[in-house]
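Reading through the structure tokens given below for one structure.
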Amino acid sequence: MRRRGWIESALAGAAVLTLLAGCSSSDDGGDKPTIEPATPAAAPVAAAAPTGEVTPFAAVGALLAEPSTGILAVLSDAGKTLSLIDKSGTRAVPLPGPAAALAAGKPGEILIAVPGKVLRLDAATAKVTEIAVDGDVRSVALRADGDLVAGLAKGKVLILAPDGAVRESISGLASADAIDTSTDTIVVLDRRQSALTELNLPDKRLGLTLRSGDGATNLIGDHFGRRIVTDTAGAELLVYTADPLVLRQRFPVGSSPYALAYDQRSETVWVTLTGSNQVVGYDLSTGIPVEVGRYPTVRQPNTVTVDARTGDLFVGSATGDGLQRISADQRKRGQ
């Protein structure tokens, strides 16, 4: 391991929870049957040296490599500190509250979910624009039309104009923990129900909902329109398509899968296994996930992201064991 300062199938039998018909209202999903949200496994002491380069860093809560610039955004200190890292160094960005999530915005922009706000951060200048939101924002995503989608802790989903004006407010979930807008159909992950839900925007209500494993935790989309979910409690990788929502692939990956990232250059989805301190890559093109790479990571790999320009993979330790970079070249050489 080198240390440096700069880091860089279809399953038609999927169970339908319910076809929800709730419309825009002030009601939340507080009366729905829920579970305790799944959490990553408490990782053991690392048994193998992490692949690639590891830079000392505080406990990492979220990671995002901004797609157009490659600037790495790192949340630490329980979401209170945001660092922007590139080859010129590290910049600290003050936040108005503890951040829950990071997401890609417009080219060069990073979206940040904080209580009562969505922040729009220019990655190059570190300038922050605040959009006020009535609620505890837990997730955020950008739509192709420029609107924002904000998920709140009590299950409400807001469609916001670029200036923050509320276009739609859709209730009925227990929590709105992750959002994917990779197609026109918005899909939301509810950890407290371990469920995936489409939004029916024309009717201003929730659409089809599917149970998502035993304890789903994270959701991403890819450019094929697939929605990829980690079932952390059930130790599986779940792959859906939407409109209508259908479970297409279900594959055991073991050892508490948690964080997700998609590398469009190699068509690989990367999954961290918190129970074994590993990150594993899968090719989804054959109808069943095919493993294409497995690497030891820093301890407690709760976060992962891919630099879309280079294919470099970054993994963050939630126990303060550092920030790891596995370059695309290293993976090609099998290192």
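Chains: A, B, ... in order of the structure tokens. Residues: from 1 per chain. Ligands: from 1, in order shown.
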Compile the contact shell of Glu267 (chain A) as a CSV table (one decimal) with N, CA, C and O atoms, in the first residue's frame: residues with an atom at most 10 Å away, counting only C-alpha atoms, same-chain residues fewer than 3 positions apart removed.
```csv
chain,number,residue,atom,x,y,z
A,222,ASP,N,-28.2,4.4,-12.9
A,222,ASP,CA,-27.2,4.4,-14.0
A,222,ASP,C,-27.8,5.0,-15.3
A,222,ASP,O,-29.0,5.2,-15.3
A,223,HIS,N,-26.9,5.1,-16.3
A,223,HIS,CA,-27.4,5.7,-17.5
A,223,HIS,C,-28.3,4.8,-18.4
A,223,HIS,O,-28.8,5.2,-19.4
A,224,PHE,N,-28.4,3.5,-17.9
A,224,PHE,CA,-29.4,2.6,-18.6
A,224,PHE,C,-30.8,2.7,-17.9
A,224,PHE,O,-31.7,2.0,-18.4
A,262,TYR,N,-21.3,4.0,-9.3
A,262,TYR,CA,-21.4,3.4,-10.6
A,262,TYR,C,-20.3,4.0,-11.5
A,262,TYR,O,-20.2,5.2,-11.6
A,263,ASP,N,-19.5,3.2,-12.1
A,263,ASP,CA,-18.4,3.6,-13.0
A,263,ASP,C,-18.9,3.4,-14.5
A,263,ASP,O,-18.9,2.3,-15.0
A,264,GLN,N,-19.4,4.5,-15.1
A,264,GLN,CA,-19.9,4.4,-16.5
A,264,GLN,C,-18.8,4.0,-17.5
A,264,GLN,O,-19.1,3.4,-18.5
A,270,TRP,N,-19.9,-0.6,-8.0
A,270,TRP,CA,-19.0,-0.9,-6.9
A,270,TRP,C,-19.9,-0.9,-5.6
A,270,TRP,O,-20.6,0.1,-5.3
A,281,GLY,N,-16.6,-5.0,-7.3
A,281,GLY,CA,-17.2,-4.5,-8.5
A,281,GLY,C,-18.0,-5.6,-9.2
A,281,GLY,O,-17.6,-6.7,-9.3
A,282,TYR,N,-19.2,-5.2,-9.8
A,282,TYR,CA,-20.0,-6.2,-10.5
A,282,TYR,C,-20.4,-5.6,-11.9
A,282,TYR,O,-20.8,-4.4,-12.0
A,283,ASP,N,-20.3,-6.4,-12.9
A,283,ASP,CA,-20.8,-6.1,-14.2
A,283,ASP,C,-22.3,-6.6,-14.3
A,283,ASP,O,-22.5,-7.8,-14.0
A,284,LEU,N,-23.2,-5.7,-14.6
A,284,LEU,CA,-24.7,-6.1,-14.6
A,284,LEU,C,-25.2,-6.5,-15.9
A,284,LEU,O,-26.4,-6.7,-16.1
A,285,SER,N,-24.4,-6.5,-17.0
A,285,SER,CA,-24.9,-6.6,-18.3
A,285,SER,C,-25.4,-7.9,-18.7
A,285,SER,O,-26.2,-8.0,-19.7
```
Give me the residues near region 114-127 of chain A as a compact mmCIF listing (two decimals) with C-alpha atoms, in the first residue's frame, where near means some atom within 6 Å (using only C-alpha atoms) and where sequence neighbours in that chain fewer than 6 positions away do not count.
```
# COMPACT_ATOMS: atom_id res chain seq x y z
CA GLY A 97 -25.81 22.73 9.59
CA PRO A 98 -24.86 19.04 9.68
CA ALA A 99 -25.18 17.64 6.16
CA ALA A 100 -26.97 14.33 5.52
CA GLY A 108 -19.50 21.70 -11.68
CA VAL A 133 -36.81 24.11 2.66
CA ASP A 134 -39.53 23.59 5.26
CA GLY A 135 -38.27 20.37 6.86
CA ASP A 136 -35.25 18.22 7.67
CA VAL A 137 -33.73 17.48 4.27
```
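Our summary of the geometry notes that CA of Val271 (chain A) is positioned 24.0 Å from CA of Thr185 (chain A).
Counting only C-alpha atoms and comparing A:Ser266, A:Asn200, A:Thr297, A:Ser76, the residue that lies closest to Lys332 (chain A) is A:Ser266.
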Within 12 Å of Lys154 (chain A), counting only C-alpha atoms, which residues qualify if same-chain residues fewer than 2 places away don't, as a PyMOL selection string?
chain A and resi 26-32+134-139+150-152+156-158+170-177+190-192
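We find CA of Ile110 (chain A) and CA of Asp321 (chain A) to be spaced 25.0 Å apart.
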CA of Arg265 (chain A) sits from CA of Ile220 (chain A) at a separation of 16.1 Å
If you take only C-alpha atoms and a cut-off of 12 Å, which residues of region 93-183 of chain A touch region 228-237 of chain A, and what are their nearest atom pairs and distances in Å to one decimal, in chain and number order, as a Markdown table?
```
| residue | atom | partner | partner_atom | distance |
| --- | --- | --- | --- | --- |
| A:Ala178 | CA | A:Val229 | CA | 10.1 |
| A:Ile179 | CA | A:Val229 | CA | 11.2 |
| A:Asp180 | CA | A:Ile228 | CA | 9.6 |
| A:Ser182 | CA | A:Ile228 | CA | 11.3 |
```
Would you save the residues from that selection as a tab-separated table (two decimals), in the first residue's frame, using all heavy atoms?
```
chain	number	residue	atom	x	y	z
A	178	ALA	N	-33.20	8.37	0.11
A	178	ALA	CA	-32.35	8.46	-1.08
A	178	ALA	C	-33.27	8.63	-2.28
A	178	ALA	O	-34.38	8.08	-2.32
A	178	ALA	CB	-31.49	7.22	-1.24
A	179	ILE	N	-32.81	9.40	-3.27
A	179	ILE	CA	-33.62	9.73	-4.45
A	179	ILE	C	-32.79	9.50	-5.70
A	179	ILE	O	-31.61	9.86	-5.75
A	179	ILE	CB	-34.07	11.21	-4.40
A	179	ILE	CG1	-34.95	11.47	-3.18
A	179	ILE	CG2	-34.83	11.59	-5.67
A	179	ILE	CD1	-35.19	12.94	-2.92
A	180	ASP	N	-33.44	8.91	-6.71
A	180	ASP	CA	-32.77	8.79	-8.01
A	180	ASP	C	-33.62	9.43	-9.09
A	180	ASP	O	-34.83	9.18	-9.18
A	180	ASP	CB	-32.51	7.33	-8.38
A	180	ASP	CG	-31.80	7.24	-9.72
A	180	ASP	OD1	-30.63	7.65	-9.78
A	180	ASP	OD2	-32.41	6.81	-10.71
A	182	SER	N	-32.40	9.50	-12.50
A	182	SER	CA	-31.64	9.20	-13.71
A	182	SER	C	-32.54	9.09	-14.94
A	182	SER	O	-32.04	9.14	-16.07
A	182	SER	CB	-30.84	7.91	-13.54
A	182	SER	OG	-31.66	6.84	-13.14
```
Please report, as a ChimeraX atom specification, each residue of region 99-279 of chain A to which DSSP assigns strand (DSSP E or B) when run on this structure's backbone.
/A:101-104,109-122,128-142,148-152,157-160,166-170,178-180,187-190,195-200,205-211,216-221,227-231,236-241,246-252,257-263,268-273,278-279
Please list as number ranges by chain every residue within 6 Å of Thr305 (chain A), counting only C-alpha atoms and excluding residues in the same chain fewer than 6 positions away.
A: 64, 261, 314
